[in-house]
Amino acid sequence: MKPGCNLQIATENQYVLAYDLFPNPTDTKTLNPFLDNFLEQHKELPEYIVADVGYGSEENYMYIHDVLHKTPLITYGSYHKESKKKYKNHPFNVENWLYLEEQDEYICPAKRPVSFKRYSRRKDKGEFVRDFKVYECENCRACPIRSQCTKAKSDRKRQILVNNSWRYFKAECKKRLLDEKTGSIYRKRKIDVEPVFGHLKAQLAFHRFHLRGKQGAKIDIGLALMALNLRKLGKYMERKTRKKERTRSILMIIAKIERVFFSVFSFLRTDYCPRLF
């Protein structure tokens with residue numbers, strides 16, 4: 001397997017504002033350190049942190065919201081699936097079960113109580129801790145729909161793990177993406193950052209690094225991204241110059257028409273208009 005780097009960039013109007021390289025094969029664990037580097041370089045962050053589904057995780061939501069005090073506009077893996085009618089009406093999805101807040105228990109499709117039993121804490125490879133509430137069905141014996149509810153073949157009672165923090169962030173994500181203002185901001189992501197990668201490959205034919213080591217690779221990709229920014233700026237200045245030239249040409253034509261009009265008007269007035277005195 002050849003060594004590779006995961007390129008992360010921040011853009012605005014397709015201009016690259018910051019970039020960094022990470023050894024991580026996936027994007028999820030790169031977001032927080034990238035935002036820290038961005039903050040160190042630019043001394044401030046935008047109000048909305050916009051990223052695609054690859055960055056959607058409880059850890060990233062919590063870091064952006066609680067530590068950076070910004071608003072994440074990031075979808076999560078099952079966002080589109082959960083938005084479908086089939087998912088919302090599926091009787092065996094725990095999110096669709098009736099929840100009795102006072103008793104702190106769920107009612108399963110078989111109309112049996114699934115009561116709270118204990119708390120559970122899990123730590124992932126990155127040392128991020130997730131807190132769960134464990135619920136267990138009081139009695140799964142002789143349940144007519146057991147095979148649909150769980151795949152367990154033993155007589156073990158059905159347990160469910162509920163992460164309320166993750167549920168909160170998912171609900172906030174759905175609310176913001178359905179909002180007209182923040183939803184519009186998120187939809188612009190695909191026409192802002194994605195073309196940069198396309199231009200990098202199509203216009204500059206940049207498909208692999210030419211220098212070795214992380215520092216060499218950063219210099220390599222940094223020069224390429226700088227070239228993209230200059231190329232875009234050059235095209236903008238060219239369009240602006242052409243627009244000024246067109247405006248100048250139009251004004252000159254208008255001025256000529258005005259001169260011709262007043263010349264004709266003066267001629268007609270002198271030779272054909274009767275004098276009163």
# chains A, B, ... in the order shown; residues from 1 in each chain; ligands from 1
>>> residues_around(residues="Glu95 in chain A", least_positions_apart="3", cutoff="12 Å", atoms="only C-alpha atoms", output="PDB file with N, CA and C atoms, in the first residue's frame")
ATOM      1  N   GLU A  82     -33.328   8.595   7.512  1.00  0.00           N
ATOM      2  CA  GLU A  82     -34.309   8.925   8.547  1.00  0.00           C
ATOM      3  C   GLU A  82     -35.374   9.891   8.046  1.00  0.00           C
ATOM      4  N   TYR A  87     -38.891   4.843   6.859  1.00  0.00           N
ATOM      5  CA  TYR A  87     -38.173   4.791   8.137  1.00  0.00           C
ATOM      6  C   TYR A  87     -39.048   5.333   9.268  1.00  0.00           C
ATOM      7  N   LYS A  88     -39.725   6.437   8.993  1.00  0.00           N
ATOM      8  CA  LYS A  88     -40.542   7.069  10.035  1.00  0.00           C
ATOM      9  C   LYS A  88     -41.717   6.188  10.454  1.00  0.00           C
ATOM     10  N   ASN A  89     -42.199   5.342   9.540  1.00  0.00           N
ATOM     11  CA  ASN A  89     -43.346   4.489   9.846  1.00  0.00           C
ATOM     12  C   ASN A  89     -42.957   3.073  10.244  1.00  0.00           C
ATOM     13  N   HIS A  90     -41.654   2.780  10.276  1.00  0.00           N
ATOM     14  CA  HIS A  90     -41.212   1.425  10.616  1.00  0.00           C
ATOM     15  C   HIS A  90     -41.441   1.169  12.104  1.00  0.00           C
ATOM     16  N   PRO A  91     -42.229   0.164  12.457  1.00  0.00           N
ATOM     17  CA  PRO A  91     -42.592  -0.042  13.866  1.00  0.00           C
ATOM     18  C   PRO A  91     -41.438  -0.504  14.755  1.00  0.00           C
ATOM     19  N   PHE A  92     -40.360  -1.034  14.169  1.00  0.00           N
ATOM     20  CA  PHE A  92     -39.280  -1.575  14.989  1.00  0.00           C
ATOM     21  C   PHE A  92     -38.088  -0.623  15.131  1.00  0.00           C
ATOM     22  N   LEU A  98     -43.233   4.540  21.433  1.00  0.00           N
ATOM     23  CA  LEU A  98     -43.842   5.446  22.405  1.00  0.00           C
ATOM     24  C   LEU A  98     -42.953   5.536  23.638  1.00  0.00           C
ATOM     25  N   TYR A  99     -42.657   6.771  24.059  1.00  0.00           N
ATOM     26  CA  TYR A  99     -41.818   6.974  25.249  1.00  0.00           C
ATOM     27  C   TYR A  99     -42.645   7.616  26.351  1.00  0.00           C
ATOM     28  N   TYR A 106     -39.935   2.834  27.394  1.00  0.00           N
ATOM     29  CA  TYR A 106     -40.500   2.778  26.048  1.00  0.00           C
ATOM     30  C   TYR A 106     -41.530   1.657  25.988  1.00  0.00           C
ATOM     31  N   ILE A 107     -42.425   1.774  25.023  1.00  0.00           N
ATOM     32  CA  ILE A 107     -43.389   0.713  24.771  1.00  0.00           C
ATOM     33  C   ILE A 107     -43.060   0.112  23.412  1.00  0.00           C
ATOM     34  N   CYS A 108     -42.724  -1.165  23.416  1.00  0.00           N
ATOM     35  CA  CYS A 108     -42.311  -1.834  22.183  1.00  0.00           C
ATOM     36  C   CYS A 108     -43.535  -2.140  21.303  1.00  0.00           C
ATOM     37  N   PRO A 109     -43.338  -2.587  20.052  1.00  0.00           N
ATOM     38  CA  PRO A 109     -44.472  -2.889  19.173  1.00  0.00           C
ATOM     39  C   PRO A 109     -45.414  -3.961  19.718  1.00  0.00           C
ATOM     40  N   ILE A 160     -31.977  -1.892  24.484  1.00  0.00           N
ATOM     41  CA  ILE A 160     -31.716  -0.790  23.560  1.00  0.00           C
ATOM     42  C   ILE A 160     -30.818   0.226  24.262  1.00  0.00           C
ATOM     43  N   LEU A 161     -29.935   0.841  23.496  1.00  0.00           N
ATOM     44  CA  LEU A 161     -29.045   1.883  24.006  1.00  0.00           C
ATOM     45  C   LEU A 161     -29.502   3.217  23.440  1.00  0.00           C
ATOM     46  N   VAL A 162     -29.694   4.186  24.311  1.00  0.00           N
ATOM     47  CA  VAL A 162     -30.165   5.509  23.900  1.00  0.00           C
ATOM     48  C   VAL A 162     -29.109   6.546  24.255  1.00  0.00           C
ATOM     49  N   ASN A 163     -28.636   7.237  23.249  1.00  0.00           N
ATOM     50  CA  ASN A 163     -27.659   8.315  23.437  1.00  0.00           C
ATOM     51  C   ASN A 163     -28.390   9.643  23.245  1.00  0.00           C
ATOM     52  N   ASN A 164     -28.783  10.257  24.341  1.00  0.00           N
ATOM     53  CA  ASN A 164     -29.589  11.476  24.257  1.00  0.00           C
ATOM     54  C   ASN A 164     -28.814  12.657  23.692  1.00  0.00           C
ATOM     55  N   ARG A 167     -28.900  12.226  19.992  1.00  0.00           N
ATOM     56  CA  ARG A 167     -30.258  12.523  19.529  1.00  0.00           C
ATOM     57  C   ARG A 167     -30.498  14.037  19.469  1.00  0.00           C
ATOM     58  N   LYS A 170     -28.663  15.477  16.436  1.00  0.00           N
ATOM     59  CA  LYS A 170     -29.333  15.095  15.200  1.00  0.00           C
ATOM     60  C   LYS A 170     -30.601  15.929  14.995  1.00  0.00           C
ATOM     61  N   ALA A 171     -31.344  16.145  16.059  1.00  0.00           N
ATOM     62  CA  ALA A 171     -32.565  16.954  15.960  1.00  0.00           C
ATOM     63  C   ALA A 171     -32.234  18.395  15.564  1.00  0.00           C
TER      64      ALA A 171
END
>>> residues_around(residues="range 185-200 of chain A", least_positions_apart="5", cutoff="7 Å", atoms="only C-alpha atoms", output="list in words")
Thr11, Glu12, Asn13, Gln14, Val50, Leu73, Ala205 and Phe206 of chain A
>>> write_last_selection(atoms="N, CA and C atoms", output="compact mmCIF listing (two decimals), in the first residue's frame")
# COMPACT_ATOMS: atom_id res chain seq x y z
N THR A 11 -12.90 26.85 2.14
CA THR A 11 -13.07 27.74 0.99
C THR A 11 -14.17 28.77 1.22
N GLU A 12 -14.10 29.81 0.43
CA GLU A 12 -15.18 30.80 0.34
C GLU A 12 -15.22 31.31 -1.09
N ASN A 13 -16.35 31.14 -1.75
CA ASN A 13 -16.50 31.50 -3.16
C ASN A 13 -15.44 30.83 -4.02
N GLN A 14 -15.09 29.60 -3.67
CA GLN A 14 -14.14 28.75 -4.38
C GLN A 14 -12.69 29.22 -4.23
N VAL A 50 -19.66 24.52 7.86
CA VAL A 50 -20.39 23.71 6.88
C VAL A 50 -19.49 22.60 6.37
N LEU A 73 -23.28 23.02 10.52
CA LEU A 73 -24.24 22.67 9.47
C LEU A 73 -23.65 21.45 8.76
N ALA A 205 -4.01 19.10 -13.48
CA ALA A 205 -3.58 17.69 -13.61
C ALA A 205 -2.82 17.22 -12.37
N PHE A 206 -3.30 17.66 -11.20
CA PHE A 206 -2.65 17.28 -9.94
C PHE A 206 -3.34 16.02 -9.42
>>> select_by_dssp(residues="range 125-242 of chain A", states="helix (DSSP H, G or I)", output="ChimeraX atom specification")
/A:146-149,164-178,180-187,189-191,194-202,213-242
>>> closest_residue(among="A:Thr241, A:Ile9, A:Gly4, A:Asp66", to="Gly222 in chain A", atoms="only C-alpha atoms")
A:Ile9
>>> atom_distance(atom1="CA of Glu136 in chain A", atom2="CA of Cys173 in chain A")
28.6 Å
>>> atom_distance(atom1="CA of Glu105 in chain A", atom2="CA of Ile145 in chain A")
19.4 Å
>>> closest_residue(among="A:Gln8, A:Asn37, A:Asn139, A:Asn93", to="Pro23 in chain A", atoms="only C-alpha atoms")
A:Gln8
>>> residues_around(residues="range 18-22 of chain A", least_positions_apart="5", cutoff="7 Å", atoms="only C-alpha atoms", output="list in words")
Cys5, Asn6, Leu7, Gln8, Ile9, Ala10, Thr30, Phe34, Phe38 and Lys218 of chain A
>>> residues_around(residues="Trp166 in chain A", least_positions_apart="5", cutoff="9 Å", atoms="only C-alpha atoms", output="list in words")
Ser57, Glu58, Tyr61, Arg130 and Ala171 of chain A
>>> atom_distance(atom1="CA of Gly183 in chain A", atom2="CA of Val53 in chain A")
14.4 Å
>>> residues_around(residues="Lys29 in chain A", least_positions_apart="6", cutoff="9 Å", atoms="only C-alpha atoms", output="list of chain:residue names")
A:Tyr55, A:Glu59, A:Asn60, A:Gly126
>>> write_last_selection(atoms="N, CA and C atoms", output="mmCIF file, in the first residue's frame")
data_model
loop_
_atom_site.group_PDB
_atom_site.id
_atom_site.type_symbol
_atom_site.label_atom_id
_atom_site.label_comp_id
_atom_site.auth_asym_id
_atom_site.auth_seq_id
_atom_site.Cartn_x
_atom_site.Cartn_y
_atom_site.Cartn_z
ATOM 1 N N TYR A 55 -18.206 14.208 7.906
ATOM 2 C CA TYR A 55 -17.754 14.849 9.142
ATOM 3 C C TYR A 55 -18.804 14.792 10.252
ATOM 4 N N GLU A 59 -18.946 13.682 18.323
ATOM 5 C CA GLU A 59 -17.731 14.365 18.776
ATOM 6 C C GLU A 59 -17.551 15.704 18.075
ATOM 7 N N ASN A 60 -17.742 15.727 16.759
ATOM 8 C CA ASN A 60 -17.570 16.970 15.997
ATOM 9 C C ASN A 60 -18.653 17.984 16.321
ATOM 10 N N GLY A 126 -10.338 7.069 19.705
ATOM 11 C CA GLY A 126 -9.835 8.430 19.847
ATOM 12 C C GLY A 126 -10.046 9.005 21.223
#
>>> residues_around(residues="range 43-46 of chain A", least_positions_apart="4", cutoff="9 Å", atoms="only C-alpha atoms", output="list in words")
Leu35, Phe38, Leu39, Leu68, Lys70 and Thr71 of chain A
>>> closest_residue(among="A:Lys157, A:Glu138, A:Trp97, A:Phe128", to="Pro113 in chain A", atoms="only C-alpha atoms")
A:Glu138
>>> select_by_dssp(residues="range 30-238 of chain A", states="strand (DSSP E)", output="number ranges by chain")
A: 48-51, 71-74, 98-100, 105-107, 113-123, 129-137, 159-162
>>> closest_residue(among="A:Lys123, A:Lys174, A:Phe169, A:Tyr135", to="Gln103 in chain A", atoms="only C-alpha atoms")
A:Tyr135
>>> closest_residue(among="A:Val129, A:Leu204, A:Ala110, A:Met237", to="Arg158 in chain A", atoms="only C-alpha atoms")
A:Ala110
>>> closest_residue(among="A:Thr28, A:Gln159, A:Thr150, A:Ser115", to="Tyr76 in chain A", atoms="only C-alpha atoms")
A:Thr28
